[in-house]
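K.L.:
Submitted below is the structure of interest, expressed as structure tokens.
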There are 2 protein chains.
Amino acid sequence: MTVEKSTVGRVTVKLDPSDHKRLRALATTRKRTPHYLMKEAIHAYIEQAEVEQAVLEIVDDSAAHFEATGLHITFNEVKDWAKRLKTDRNAKLPECHI
Amino acid sequence: MTVEKSTVGRVTVKLDPSDHKRLRALATTRKRTPHYLMKEAIHAYIEQAEVEQAVLEIVDDSAAHFEATGLHITFNEVKDWAKRLKTDRNAKLPECHI
DNA sequence: CCAGTTGGATGACC
DNA sequence: GGTCATCCAACTGG
């Protein structure tokens, strides 16, 4: 309507034909459009990258504590923690228990 | 090299200005060009996506076993296993020990 | 300086 | 919304 100026942010990404092909294949498998996956890829990458730095510091520091104390945590707790990091970057690891 | 120049991979991804801005900020922090990160993002996404399906199946099946037996594994082992999955999708979880 | 490649935006078409 | 094509600016190797 009203010949509006969409001018939505388009960014031309130059990727290898191999990547493009795999992207399309993935989209077909997921019943999604390749473009949707590209947006997801960029969006996810940014979120991960921003959280990445925080994770590396927390993990490295916490991991050393686990090995030093010899404590163990359940695999389920590790997964839960990792998922919470994506939405709560200040989420710390749960209590360590034998 | 077959003088062929058939439109090298150019994929225009329409993303929000917020994503584009964050992408540029990330590139500046990493001392890389924004475009390079975009390629990396798509490439990494494909690799992860292909392995994702395998991980979900293995994790779900293995996780149930951990909870059922009540066994625990070290956090370090979980990290090592996750990293190996990216290059070895048939890598199974290490021995469970109390 | 020119050619090839990367890096980035825009217009057009489906 | 999704996809392709073309042009442009900059850096790089010869």
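Within each chain, counting starts at residue 1; across the structure tokens, chains are named A, B, ... in the order shown, with ligands numbered 1 upward in that order.
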Leaving out DG4 in chain C and any residue of its chain fewer than 6 positions from it, which residues lie within 12 Å of it when counting only C-alpha atoms (C1' of nucleotides), given as an mmCIF file with C-alpha atoms (C1' of nucleotides), in the first residue's frame?
P.N.:
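The file below, selection.cif, is the result:
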data_model
loop_
_atom_site.group_PDB
_atom_site.id
_atom_site.type_symbol
_atom_site.label_atom_id
_atom_site.label_comp_id
_atom_site.auth_asym_id
_atom_site.auth_seq_id
_atom_site.Cartn_x
_atom_site.Cartn_y
_atom_site.Cartn_z
ATOM 1 C "C1'" DC D 11 41.665 -4.695 -0.724
ATOM 2 C "C1'" DT D 12 45.185 -7.775 -2.864
ATOM 3 C "C1'" DG D 13 48.393 -10.131 -6.054
ATOM 4 C "C1'" DG D 14 50.871 -9.677 -10.285
#
K.L.:
Starting from chain C, keep only residues with some atom at most 12 Å from an atom of chain B, counting only C-alpha atoms (C1' of nucleotides), and report them as a PyMOL selection string.
P.N.:
chain C and resi 5-10
K.L.:
Could you list the residues in chain B lying within 6 Å of chain A, using only C-alpha atoms, and format the result as a list in words?
P.N.:
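Matching residues, ligands excluded from the count: Gly9, Arg10, Val11, Thr12, Val13, Lys14, Leu15, Asp16, Pro17, Lys39, Ala41, Ile42, Tyr45, His72 and Thr74 of chain B.
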K.L.:
Take the residues just selected and output them with all heavy atoms as a CSV table (one decimal), in the first residue's frame.
P.N.:
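The file below, part.csv, is the result:
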chain,number,residue,atom,x,y,z
B,9,GLY,N,27.9,-18.1,-5.4
B,9,GLY,CA,26.9,-18.0,-4.3
B,9,GLY,C,26.7,-16.7,-3.7
B,9,GLY,O,27.4,-16.2,-2.9
B,10,ARG,N,25.6,-16.1,-4.1
B,10,ARG,CA,25.1,-14.8,-3.4
B,10,ARG,C,23.7,-15.1,-2.9
B,10,ARG,O,22.8,-15.2,-3.6
B,10,ARG,CB,25.1,-13.7,-4.4
B,10,ARG,CG,26.4,-13.2,-4.8
B,10,ARG,CD,26.2,-12.4,-6.1
B,10,ARG,NE,27.4,-11.6,-6.4
B,10,ARG,CZ,28.5,-12.0,-6.9
B,10,ARG,NH1,28.6,-13.3,-7.1
B,10,ARG,NH2,29.5,-11.2,-7.1
B,11,VAL,N,23.6,-15.1,-1.6
B,11,VAL,CA,22.3,-15.3,-1.0
B,11,VAL,C,21.9,-14.1,-0.2
B,11,VAL,O,22.6,-13.8,0.8
B,11,VAL,CB,22.3,-16.5,-0.1
B,11,VAL,CG1,21.4,-17.6,-0.7
B,11,VAL,CG2,23.7,-17.0,0.1
B,12,THR,N,20.9,-13.4,-0.6
B,12,THR,CA,20.4,-12.2,0.1
B,12,THR,C,19.5,-12.6,1.3
B,12,THR,O,18.4,-13.1,1.1
B,12,THR,CB,19.7,-11.3,-0.8
B,12,THR,OG1,20.1,-11.5,-2.2
B,12,THR,CG2,19.8,-9.9,-0.4
B,13,VAL,N,20.0,-12.4,2.5
B,13,VAL,CA,19.3,-12.7,3.6
B,13,VAL,C,18.6,-11.5,4.2
B,13,VAL,O,19.3,-10.5,4.5
B,13,VAL,CB,20.2,-13.4,4.7
B,13,VAL,CG1,19.4,-13.8,5.9
B,13,VAL,CG2,21.0,-14.5,4.2
B,14,LYS,N,17.3,-11.5,4.3
B,14,LYS,CA,16.6,-10.3,4.9
B,14,LYS,C,16.5,-10.5,6.4
B,14,LYS,O,15.7,-11.2,6.9
B,14,LYS,CB,15.2,-10.3,4.3
B,14,LYS,CG,15.3,-9.5,3.0
B,14,LYS,CD,14.5,-10.2,1.9
B,14,LYS,CE,13.8,-9.2,1.0
B,14,LYS,NZ,13.0,-9.8,0.0
B,15,LEU,N,17.3,-9.7,7.1
B,15,LEU,CA,17.3,-9.8,8.5
B,15,LEU,C,17.0,-8.4,9.1
B,15,LEU,O,17.0,-7.4,8.4
B,15,LEU,CB,18.6,-10.3,9.1
B,15,LEU,CG,19.9,-9.8,8.4
B,15,LEU,CD1,20.2,-8.4,8.9
B,15,LEU,CD2,21.0,-10.7,8.8
B,16,ASP,N,16.6,-8.4,10.4
B,16,ASP,CA,16.3,-7.1,11.0
B,16,ASP,C,17.5,-6.3,11.2
B,16,ASP,O,18.6,-6.8,11.3
B,16,ASP,CB,15.7,-7.4,12.4
B,16,ASP,CG,14.4,-8.3,12.3
B,16,ASP,OD1,14.6,-9.5,12.3
B,16,ASP,OD2,13.3,-7.7,12.2
B,17,PRO,N,17.3,-4.9,11.2
B,17,PRO,CA,18.4,-4.0,11.4
B,17,PRO,C,19.2,-4.3,12.7
B,17,PRO,O,20.4,-4.0,12.8
B,17,PRO,CB,17.8,-2.6,11.5
B,17,PRO,CG,16.3,-2.9,11.6
B,17,PRO,CD,16.1,-4.2,11.1
B,39,LYS,N,29.2,-15.7,6.8
B,39,LYS,CA,29.6,-16.9,6.1
B,39,LYS,C,29.8,-18.0,7.2
B,39,LYS,O,29.3,-19.1,7.1
B,39,LYS,CB,30.9,-16.8,5.3
B,39,LYS,CG,30.6,-16.2,3.9
B,39,LYS,CD,31.9,-16.0,3.1
B,39,LYS,CE,32.6,-17.3,2.8
B,39,LYS,NZ,33.8,-17.0,2.0
B,41,ALA,N,28.6,-18.0,10.2
B,41,ALA,CA,27.3,-18.3,10.8
B,41,ALA,C,26.5,-19.3,10.1
B,41,ALA,O,26.0,-20.3,10.7
B,41,ALA,CB,26.5,-17.0,10.9
B,42,ILE,N,26.4,-19.1,8.8
B,42,ILE,CA,25.6,-20.1,7.9
B,42,ILE,C,26.3,-21.4,7.9
B,42,ILE,O,25.7,-22.5,8.1
B,42,ILE,CB,25.5,-19.6,6.5
B,42,ILE,CG1,24.9,-18.1,6.5
B,42,ILE,CG2,24.7,-20.5,5.7
B,42,ILE,CD1,23.4,-18.1,6.7
B,45,TYR,N,26.0,-23.1,11.3
B,45,TYR,CA,24.6,-23.6,11.5
B,45,TYR,C,24.3,-24.9,10.8
B,45,TYR,O,23.7,-25.8,11.3
B,45,TYR,CB,23.7,-22.5,10.9
B,45,TYR,CG,22.2,-22.8,11.2
B,45,TYR,CD1,21.7,-22.6,12.5
B,45,TYR,CD2,21.4,-23.2,10.2
B,45,TYR,CE1,20.4,-22.8,12.8
B,45,TYR,CE2,20.1,-23.4,10.5
B,45,TYR,CZ,19.6,-23.2,11.7
B,45,TYR,OH,18.2,-23.5,12.0
B,72,HIS,N,26.4,-40.9,37.5
B,72,HIS,CA,26.8,-39.5,37.2
B,72,HIS,C,28.1,-39.5,36.4
B,72,HIS,O,29.0,-40.5,36.5
B,72,HIS,CB,27.1,-38.8,38.5
B,72,HIS,CG,25.9,-38.7,39.4
B,72,HIS,ND1,25.5,-39.7,40.2
B,72,HIS,CD2,25.1,-37.7,39.5
B,72,HIS,CE1,24.4,-39.3,40.8
B,72,HIS,NE2,24.1,-38.1,40.5
B,74,THR,N,31.4,-36.9,34.9
B,74,THR,CA,32.0,-35.6,35.2
B,74,THR,C,31.6,-34.6,34.1
B,74,THR,O,31.4,-34.9,32.9
B,74,THR,CB,33.5,-35.7,35.2
B,74,THR,OG1,34.0,-36.2,33.9
B,74,THR,CG2,34.0,-36.7,36.3
K.L.:
Residues of chain D within 9 Å of chain B, counting only C-alpha atoms (C1' of nucleotides) - could you list those as a list of chain:residue names?
P.N.:
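In the required form, that comes to D:DT3, D:DC4, D:DA5.
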K.L.:
Provide the CA of Ala27 in chain A to C1' of DA12 in chain C distance in Å, to one decimal place.
P.N.:
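According to the coordinates, CA of Ala27 in chain A and C1' of DA12 in chain C are separated by 24.5 Å.
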